[in-house]
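Below is data_19.json, which holds JSON, C-alpha atoms.
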```json
[["chain", "number", "residue", "atom", "x", "y", "z"],
["X", 1, "MET", "CA", -43.38, -32.19, -19.47],
["X", 2, "LEU", "CA", -45.85, -33.11, -16.74],
["X", 3, "THR", "CA", -43.11, -34.73, -14.66],
["X", 4, "TRP", "CA", -40.95, -31.63, -14.93],
["X", 5, "PHE", "CA", -43.80, -29.40, -13.87],
["X", 6, "THR", "CA", -44.92, -31.56, -10.95],
["X", 7, "GLY", "CA", -41.40, -32.14, -9.77],
["X", 8, "TRP", "CA", -40.43, -28.52, -9.78],
["X", 9, "SER", "CA", -43.65, -27.22, -8.25],
["X", 10, "VAL", "CA", -43.63, -29.78, -5.43],
["X", 11, "LEU", "CA", -39.94, -29.54, -4.62],
["X", 12, "SER", "CA", -39.42, -25.83, -4.96],
["X", 13, "CYS", "CA", -42.67, -24.70, -3.33],
["X", 14, "HIS", "CA", -43.18, -27.13, -0.46],
["X", 15, "PHE", "CA", -39.75, -27.90, 0.87],
["X", 16, "PRO", "CA", -38.65, -24.37, 1.77],
["X", 17, "PHE", "CA", -41.58, -23.99, 4.17],
["X", 18, "ILE", "CA", -41.00, -27.30, 5.88],
["X", 19, "ILE", "CA", -37.28, -27.43, 6.52],
["X", 20, "GLN", "CA", -34.83, -24.89, 7.84],
["X", 21, "VAL", "CA", -31.99, -26.86, 9.39],
["X", 22, "GLN", "CA", -29.00, -24.73, 8.55],
["X", 23, "PRO", "CA", -29.80, -21.72, 10.84],
["X", 24, "GLN", "CA", -29.77, -24.01, 13.86],
["X", 25, "LEU", "CA", -26.05, -24.52, 13.43],
["X", 26, "GLN", "CA", -25.48, -20.89, 14.40],
["X", 27, "PRO", "CA", -26.45, -19.01, 17.56],
["X", 28, "ASP", "CA", -29.91, -17.49, 17.31],
["X", 29, "ILE", "CA", -29.72, -13.70, 17.49],
["X", 30, "GLY", "CA", -33.46, -13.40, 18.13],
["X", 31, "GLU", "CA", -33.18, -15.54, 21.25],
["X", 32, "GLU", "CA", -30.44, -13.35, 22.68],
["X", 33, "THR", "CA", -32.46, -10.21, 21.92],
["X", 34, "THR", "CA", -35.49, -11.65, 23.70],
["X", 35, "ALA", "CA", -33.36, -12.51, 26.74],
["X", 36, "LEU", "CA", -31.93, -8.99, 26.84],
["X", 37, "LEU", "CA", -35.46, -7.50, 26.61],
["X", 38, "ARG", "CA", -36.56, -9.74, 29.48],
["X", 39, "ILE", "CA", -33.66, -8.44, 31.56],
["X", 40, "LEU", "CA", -34.61, -4.86, 30.65],
["X", 41, "ILE", "CA", -38.23, -5.42, 31.74],
["X", 42, "HIS", "CA", -36.96, -7.11, 34.91],
["X", 43, "LYS", "CA", -34.83, -4.02, 35.67],
["X", 44, "ILE", "CA", -37.79, -1.68, 35.18],
["X", 45, "ASP", "CA", -40.15, -3.51, 37.50],
["X", 46, "ASN", "CA", -39.01, -6.51, 39.52],
["X", 47, "THR", "CA", -42.46, -8.14, 39.59],
["X", 48, "THR", "CA", -43.01, -9.44, 36.03],
["X", 49, "PHE", "CA", -40.93, -12.64, 36.26],
["X", 50, "GLY", "CA", -41.30, -13.33, 39.97],
["X", 51, "ASP", "CA", -38.27, -13.80, 42.16],
["X", 52, "ASN", "CA", -35.88, -15.53, 39.80],
["X", 53, "GLY", "CA", -34.54, -12.97, 37.34],
["X", 54, "PRO", "CA", -33.89, -13.83, 33.69],
["X", 55, "THR", "CA", -30.34, -14.58, 32.56],
["X", 56, "ILE", "CA", -28.63, -14.37, 29.19],
["X", 57, "PRO", "CA", -28.48, -17.91, 27.69],
["X", 58, "GLN", "CA", -24.99, -19.11, 26.87],
["X", 59, "TRP", "CA", -24.45, -20.57, 23.37],
["X", 60, "THR", "CA", -22.93, -24.02, 23.82],
["X", 61, "GLY", "CA", -22.68, -25.06, 20.18],
["X", 62, "PRO", "CA", -25.41, -26.55, 18.01],
["X", 63, "PRO", "CA", -27.44, -29.49, 19.36],
["X", 64, "ARG", "CA", -25.99, -32.98, 18.71],
["X", 65, "ALA", "CA", -29.04, -34.12, 16.71],
["X", 66, "ILE", "CA", -28.77, -31.17, 14.32],
["X", 67, "ILE", "CA", -25.10, -31.95, 13.70],
["X", 68, "LYS", "CA", -26.02, -35.57, 12.87],
["X", 69, "VAL", "CA", -28.79, -34.44, 10.52],
["X", 70, "GLN", "CA", -26.48, -31.99, 8.78],
["X", 71, "ALA", "CA", -23.76, -34.63, 8.37],
["X", 72, "ILE", "CA", -26.20, -37.06, 6.74],
["X", 73, "ILE", "CA", -27.63, -34.37, 4.46],
["X", 74, "TYR", "CA", -24.18, -33.31, 3.33],
["X", 75, "ALA", "CA", -23.28, -36.96, 2.64],
["X", 76, "SER", "CA", -26.40, -37.24, 0.52],
["X", 77, "LEU", "CA", -25.56, -34.00, -1.28],
["X", 78, "ALA", "CA", -22.02, -35.20, -1.97],
["X", 79, "ALA", "CA", -23.26, -38.55, -3.32],
["X", 80, "SER", "CA", -25.71, -36.94, -5.71],
["X", 81, "LEU", "CA", -23.21, -34.29, -6.81],
["X", 82, "PHE", "CA", -20.63, -36.99, -7.47],
["X", 83, "SER", "CA", -23.07, -39.00, -9.54],
["X", 84, "ALA", "CA", -23.99, -35.89, -11.54],
["X", 85, "PHE", "CA", -20.30, -35.24, -12.11],
["X", 86, "LEU", "CA", -19.75, -38.81, -13.31],
["X", 87, "ALA", "CA", -22.80, -38.57, -15.56],
["X", 88, "MET", "CA", -21.43, -35.40, -17.12],
["X", 89, "LEU", "CA", -18.03, -37.02, -17.71],
["X", 90, "GLY", "CA", -19.75, -40.08, -19.11],
["X", 91, "LYS", "CA", -21.74, -38.00, -21.58],
["X", 92, "GLN", "CA", -18.60, -36.25, -22.70],
["X", 93, "TRP", "CA", -16.83, -39.57, -23.12],
["X", 94, "LEU", "CA", -19.72, -40.95, -25.17],
["X", 95, "ASN", "CA", -19.61, -37.91, -27.44],
["X", 96, "ARG", "CA", -15.90, -38.42, -28.04],
["X", 97, "TYR", "CA", -16.51, -42.10, -28.60],
["X", 98, "ALA", "CA", -19.21, -41.46, -31.17],
["X", 99, "SER", "CA", -17.15, -38.96, -33.15],
["X", 100, "ILE", "CA", -15.22, -40.29, -36.16],
["X", 101, "ASP", "CA", -11.84, -38.60, -35.88],
["X", 102, "VAL", "CA", -9.90, -40.73, -38.39],
["X", 103, "ARG", "CA", -10.93, -40.70, -42.04],
["X", 104, "GLY", "CA", -10.15, -43.60, -44.32],
["X", 105, "SER", "CA", -11.55, -46.59, -46.13],
["X", 106, "ALA", "CA", -12.23, -49.18, -43.45],
["X", 107, "THR", "CA", -8.99, -50.11, -41.73],
["X", 108, "GLU", "CA", -7.98, -46.88, -39.98],
["X", 109, "PRO", "CA", -11.41, -45.87, -38.58],
["X", 110, "SER", "CA", -11.99, -49.42, -37.40],
["X", 111, "GLN", "CA", -8.64, -49.59, -35.64],
["X", 112, "ASN", "CA", -9.35, -46.24, -34.03],
["X", 113, "ARG", "CA", -12.77, -47.43, -32.90],
["X", 114, "GLN", "CA", -11.23, -50.56, -31.43],
["X", 115, "ARG", "CA", -8.66, -48.48, -29.52],
["X", 116, "LYS", "CA", -11.45, -46.35, -28.04],
["X", 117, "LEU", "CA", -13.44, -49.44, -27.11],
["X", 118, "ASP", "CA", -10.36, -50.90, -25.40],
["X", 119, "ARG", "CA", -10.06, -47.76, -23.30],
["X", 120, "VAL", "CA", -13.73, -47.97, -22.39],
["X", 121, "VAL", "CA", -13.17, -51.53, -21.20],
["X", 122, "THR", "CA", -9.97, -50.63, -19.31],
["X", 123, "TRP", "CA", -11.70, -47.87, -17.34],
["X", 124, "TYR", "CA", -14.75, -50.01, -16.46],
["X", 125, "PHE", "CA", -17.07, -47.53, -18.14],
["X", 126, "ASP", "CA", -20.04, -49.91, -17.98],
["X", 127, "TYR", "CA", -19.68, -50.60, -14.28],
["X", 128, "VAL", "CA", -19.32, -46.94, -13.38],
["X", 129, "MET", "CA", -22.37, -46.00, -15.42],
["X", 130, "GLU", "CA", -24.42, -48.83, -13.93],
["X", 131, "SER", "CA", -23.44, -47.70, -10.42],
["X", 132, "LEU", "CA", -24.85, -44.19, -10.92],
["X", 133, "PRO", "CA", -28.50, -45.11, -10.20],
["X", 134, "LEU", "CA", -27.33, -46.98, -7.09],
["X", 135, "MET", "CA", -25.45, -43.89, -5.95],
["X", 136, "LEU", "CA", -28.57, -41.78, -6.48],
["X", 137, "GLN", "CA", -30.68, -44.23, -4.51],
["X", 138, "LEU", "CA", -28.15, -44.02, -1.70],
["X", 139, "ALA", "CA", -28.39, -40.23, -1.80],
["X", 140, "LEU", "CA", -32.17, -40.40, -1.63],
["X", 141, "LEU", "CA", -32.03, -42.88, 1.24],
["X", 142, "LEU", "CA", -29.67, -40.63, 3.17],
["X", 143, "LEU", "CA", -31.96, -37.67, 2.57],
["X", 144, "GLY", "CA", -34.91, -39.69, 3.87],
["X", 145, "CYS", "CA", -32.94, -40.68, 6.97],
["X", 146, "ALA", "CA", -31.88, -37.11, 7.66],
["X", 147, "LEU", "CA", -35.42, -35.77, 7.21],
["X", 148, "SER", "CA", -36.90, -38.39, 9.55],
["X", 149, "LEU", "CA", -34.20, -37.80, 12.15],
["X", 150, "TYR", "CA", -34.74, -34.04, 12.03],
["X", 151, "LEU", "CA", -38.51, -34.21, 12.12],
["X", 152, "TRP", "CA", -38.46, -36.80, 14.93],
["X", 153, "GLY", "CA", -37.05, -34.12, 17.21],
["X", 154, "ILE", "CA", -39.85, -31.73, 16.23],
["X", 155, "ASP", "CA", -42.95, -33.85, 15.87],
["X", 156, "THR", "CA", -43.31, -37.63, 15.99],
["X", 157, "ILE", "CA", -46.38, -37.85, 13.75],
["X", 158, "VAL", "CA", -44.88, -35.88, 10.85],
["X", 159, "ALA", "CA", -41.63, -37.80, 11.29],
["X", 160, "SER", "CA", -43.41, -41.15, 11.16],
["X", 161, "VAL", "CA", -45.10, -40.16, 7.90],
["X", 162, "VAL", "CA", -41.73, -39.29, 6.36],
["X", 163, "LEU", "CA", -40.16, -42.42, 7.83],
["X", 164, "ALA", "CA", -42.91, -44.64, 6.46],
["X", 165, "HIS", "CA", -42.47, -43.17, 2.99],
["X", 166, "SER", "CA", -38.70, -43.53, 3.11],
["X", 167, "ALA", "CA", -39.04, -47.14, 4.19],
["X", 168, "TRP", "CA", -41.58, -47.82, 1.46],
["X", 169, "PHE", "CA", -39.39, -46.21, -1.21],
["X", 170, "SER", "CA", -36.30, -48.12, -0.14],
["X", 171, "THR", "CA", -38.10, -51.46, 0.05],
["X", 172, "PHE", "CA", -39.58, -50.84, -3.36],
["X", 173, "SER", "CA", -36.26, -49.95, -4.93],
["X", 174, "LEU", "CA", -34.48, -52.85, -3.23],
["X", 175, "SER", "CA", -37.03, -55.37, -4.46],
["X", 176, "LEU", "CA", -36.86, -53.77, -7.92],
["X", 177, "GLN", "CA", -33.08, -54.20, -8.04],
["X", 178, "GLY", "CA", -33.47, -57.96, -8.23],
["X", 179, "GLN", "CA", -35.86, -57.66, -11.19],
["X", 180, "LEU", "CA", -33.51, -55.53, -13.30],
["X", 181, "PRO", "CA", -31.75, -57.40, -16.11],
["V", 182, "MET", "CA", 45.26, -73.18, -61.71],
["V", 183, "ARG", "CA", 43.65, -71.03, -64.43],
["V", 184, "THR", "CA", 41.11, -73.58, -65.35],
["V", 185, "GLY", "CA", 40.41, -74.11, -61.72],
["V", 186, "HIS", "CA", 39.80, -70.37, -61.33],
["V", 187, "ALA", "CA", 37.60, -70.30, -64.36],
["V", 188, "THR", "CA", 35.66, -73.21, -63.08],
["V", 189, "ASP", "CA", 35.32, -71.53, -59.73],
["V", 190, "ALA", "CA", 34.14, -68.35, -61.39],
["V", 191, "GLN", "CA", 31.73, -70.24, -63.58],
["V", 192, "VAL", "CA", 30.45, -72.18, -60.67],
["V", 193, "SER", "CA", 30.09, -69.08, -58.52],
["V", 194, "SER", "CA", 28.35, -67.08, -61.28],
["V", 195, "GLY", "CA", 26.13, -70.04, -61.99],
["V", 196, "SER", "CA", 25.13, -70.33, -58.34],
["V", 197, "HIS", "CA", 24.66, -66.56, -58.18],
["V", 198, "LEU", "CA", 22.29, -66.74, -61.12],
["V", 199, "GLN", "CA", 20.50, -69.57, -59.45],
["V", 200, "THR", "CA", 20.08, -67.67, -56.19],
["V", 201, "THR", "CA", 18.83, -64.59, -58.02],
["V", 202, "THR", "CA", 16.19, -66.64, -59.77],
["V", 203, "GLN", "CA", 15.25, -68.26, -56.50],
["V", 204, "ARG", "CA", 15.10, -64.89, -54.83],
["V", 205, "SER", "CA", 12.88, -63.37, -57.47],
["V", 206, "THR", "CA", 10.60, -66.37, -57.20],
["V", 207, "LEU", "CA", 10.55, -66.00, -53.46],
["V", 208, "PHE", "CA", 9.91, -62.28, -53.76],
["V", 209, "SER", "CA", 6.94, -62.75, -56.04],
["V", 210, "GLN", "CA", 5.60, -65.37, -53.68],
["V", 211, "GLU", "CA", 6.02, -63.00, -50.80],
["V", 212, "ARG", "CA", 4.29, -60.26, -52.71],
["V", 213, "ASP", "CA", 1.43, -62.57, -53.47],
["V", 214, "LEU", "CA", 1.23, -63.52, -49.83],
["V", 215, "LEU", "CA", 1.38, -59.89, -48.79],
["V", 216, "SER", "CA", -1.40, -58.87, -51.15],
["V", 217, "THR", "CA", -3.49, -61.78, -49.94],
["V", 218, "TYR", "CA", -2.81, -60.62, -46.39],
["V", 219, "GLU", "CA", -3.82, -57.05, -47.27],
["V", 220, "ASP", "CA", -6.97, -58.34, -48.90],
["V", 221, "THR", "CA", -7.84, -60.40, -45.87],
["V", 222, "ARG", "CA", -7.14, -57.47, -43.58],
["V", 223, "THR", "CA", -9.30, -55.08, -45.56],
["V", 224, "ARG", "CA", -12.09, -57.58, -45.74],
["V", 225, "PHE", "CA", -11.80, -58.20, -42.00],
["V", 226, "TYR", "CA", -12.01, -54.51, -41.15],
["V", 227, "GLU", "CA", -14.92, -53.95, -43.50],
["V", 228, "LYS", "CA", -16.75, -56.74, -41.73],
["V", 229, "TYR", "CA", -15.63, -55.30, -38.39],
["V", 230, "ARG", "CA", -16.99, -51.87, -39.25],
["V", 231, "HIS", "CA", -20.27, -53.35, -40.33],
["V", 232, "GLU", "CA", -20.58, -55.35, -37.11],
["V", 233, "ALA", "CA", -19.32, -52.61, -34.81],
["V", 234, "GLU", "CA", -21.67, -50.00, -36.21],
["V", 235, "GLU", "CA", -24.76, -51.60, -34.76],
["V", 236, "TYR", "CA", -23.15, -52.38, -31.40],
["V", 237, "ASN", "CA", -21.82, -48.85, -31.05],
["V", 238, "ARG", "CA", -25.12, -47.25, -31.91],
["V", 239, "GLU", "CA", -26.86, -49.31, -29.25],
["V", 240, "PHE", "CA", -24.11, -48.72, -26.68],
["V", 241, "ILE", "CA", -24.14, -44.96, -27.16],
["V", 242, "LYS", "CA", -27.92, -44.68, -27.18],
["V", 243, "LYS", "CA", -28.31, -46.75, -24.02],
["V", 244, "TYR", "CA", -25.78, -44.86, -21.93],
["V", 245, "ASP", "CA", -26.71, -41.45, -23.30],
["V", 246, "GLU", "CA", -30.31, -41.93, -22.21],
["V", 247, "ASP", "CA", -29.17, -43.23, -18.83],
["V", 248, "MET", "CA", -27.00, -40.15, -18.32],
["V", 249, "ASN", "CA", -29.88, -37.85, -19.24],
["V", 250, "THR", "CA", -32.15, -39.51, -16.70],
["V", 251, "THR", "CA", -29.47, -39.28, -14.03],
["V", 252, "LEU", "CA", -28.85, -35.61, -14.69],
["V", 253, "ILE", "CA", -32.55, -34.70, -14.61],
["V", 254, "PHE", "CA", -33.02, -36.66, -11.39],
["V", 255, "VAL", "CA", -30.04, -35.02, -9.72],
["V", 256, "GLY", "CA", -31.47, -31.66, -10.76],
["V", 257, "PHE", "CA", -34.68, -32.48, -8.90],
["V", 258, "LEU", "CA", -32.88, -33.94, -5.91],
["V", 259, "HIS", "CA", -30.79, -30.84, -5.42],
["V", 260, "VAL", "CA", -33.75, -28.63, -4.61],
["V", 261, "PRO", "CA", -34.64, -30.34, -1.29],
["V", 262, "GLN", "CA", -30.99, -30.91, -0.50],
["V", 263, "ALA", "CA", -30.09, -27.29, -1.06],
["V", 264, "TRP", "CA", -33.00, -26.15, 1.10],
["V", 265, "THR", "CA", -32.27, -28.49, 3.96],
["V", 266, "CYS", "CA", -28.54, -27.76, 4.03]]
```
Could I get this structure in the form of structure tokens?
Amino acid sequence: MLTWFTGWSVLSCHFPFIIQVQPQLQPDIGEETTALLRILIHKIDNTTFGDNGPTIPQWTGPPRAIIKVQAIIYASLAASLFSAFLAMLGKQWLNRYASIDVRGSATEPSQNRQRKLDRVVTWYFDYVMESLPLMLQLALLLLGCALSLYLWGIDTIVASVVLAHSAWFSTFSLSLQGQLP
Amino acid sequence: MRTGHATDAQVSSGSHLQTTTQRSTLFSQERDLLSTYEDTRTRFYEKYRHEAEEYNREFIKKYDEDMNTTLIFVGFLHVPQAWTC
């Protein structure tokens, strides 16, 4: 219960105020409005901005760094979505596996169970399910990379904090992988 | 000629009788074998069910809990991802 509460409060309250990457992929309307206002003021009296008059900035696509950040974040999103999808399918499969759909003394249900187990083995169910945590760790790592890359362009100190935590998390999880049975 | 025929017929009926007896003996042996086979099979599958029960319970429990953890974690992870995208 505590984990749920902490997780939700931290993630849903803090993140929105820190990160707004998506709007930078589109031209900023506010910037254009400001430029137009500057031109208007310049037309009224030619003294405010000195000799060089303001010009309307031309939108030349989003910055390269933002595109990189977005690509990494979408990769992370896709990885975690895919693992959630696999987990959902896995749960469904387990439910079907657990259900007894052939009635009988001992022979028929056992044969049915063996058939289901054979299918589980054929489709590498175990391996897929064991790979889900790895996929999630990859998603988290990608998110950490994207956050550090984005924040590095804004402020180096904040970015180094995020980077240090990402590095610490990944080292921890990597060293833990060897300890798992 | 006649006697020869009769002898032939006797011989053939005698051998026929013999084969029938042999067959019935064989059949009963087969039936015995079959019932022994059925018994073995039933006993095998009863043992199988007993053994598989425990394995399956563990298998299902393990992966079900893993899936739950994964789903909860993805739920958390999607909040920052959705906000940064």
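Using all atoms listed in the file, the contacts of range 209-225 of chain V at a cut-off of 7 Å, with sequence neighbours closer than 4 positions omitted, comprise Ala106 and Thr107 of chain X; Ser205 and Tyr229 of chain V.
Distances here use only C-alpha atoms; by that measure, the residue among V:Asn249, V:Thr201, V:Glu235, V:Phe208 closest to chain X is V:Asn249.
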Near-range 120-137 of chain X list (10 Å; only C-alpha atoms; drop same-chain fewer than 3 positions) as a PyMOL selection string: (chain X and resi 76-77+79-84+86-87+90+93-94+97+114-117+140-143+169-170+173-174+177) or (chain V and resi 240+244+247-248+250-251+254-255+258)
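Interatomic distance, CA of Pro62 in chain X against CA of Gly153 in chain X: 13.9 Å.
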List every protein, DNA or RNA residue that has at least one atom no more than 12 Å from (-17.7, -38.0, -33.6) in the file's coordinates, counting all atoms listed in the file, and write the result as an MDAnalysis selection string. (chainID X and resid 92:103 109 112:113 116) or (chainID V and resid 237:238 241)
For chain V, which residue among X:Phe172, X:Tyr74, X:Trp59, X:Trp152 is the nearest when counting all atoms listed in the file? X:Tyr74
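Going from CA of Asp28 in chain X over to CA of Val161 in chain X, you cover 28.9 Å.
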Smallest atom-to-atom distance to Gln70 in chain X: which of V:Ala233, V:Leu207, V:Leu252, V:Ala263, using all atoms listed in the file? V:Ala263
Length of the CA of Ser175 in chain X to CA of Phe257 in chain V vector [Å]: 23.4 Å
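Remark: for chain V, the closest of the candidate residues X:Ala65, X:Ile157, X:Met88, X:Ala167 is X:Met88 (distances computed over only C-alpha atoms).
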Report the centre and edge lengths, in Å to one decimal, of an axis-aligned box enclosing every atom of range 206-217 of chain V listed in the file, padded by 4 Å on each side, as AutoDock Vina command-line options.
```
--center_x 3.6 --center_y -62.6 --center_z -53.0 --size_x 22.1 --size_y 15.5 --size_z 16.4
```
Gln58 in chain X surroundings by all atoms listed in the file, 12 Å radius, close-in-sequence under 4 positions cut, as a ChimeraX atom specification: /X:27-29,31-32,35,62
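Ranking V:Glu239, V:Pro261, V:Glu232, V:Arg204 by their shortest atom-to-atom distance to chain X, with only C-alpha atoms included, puts V:Pro261 first.
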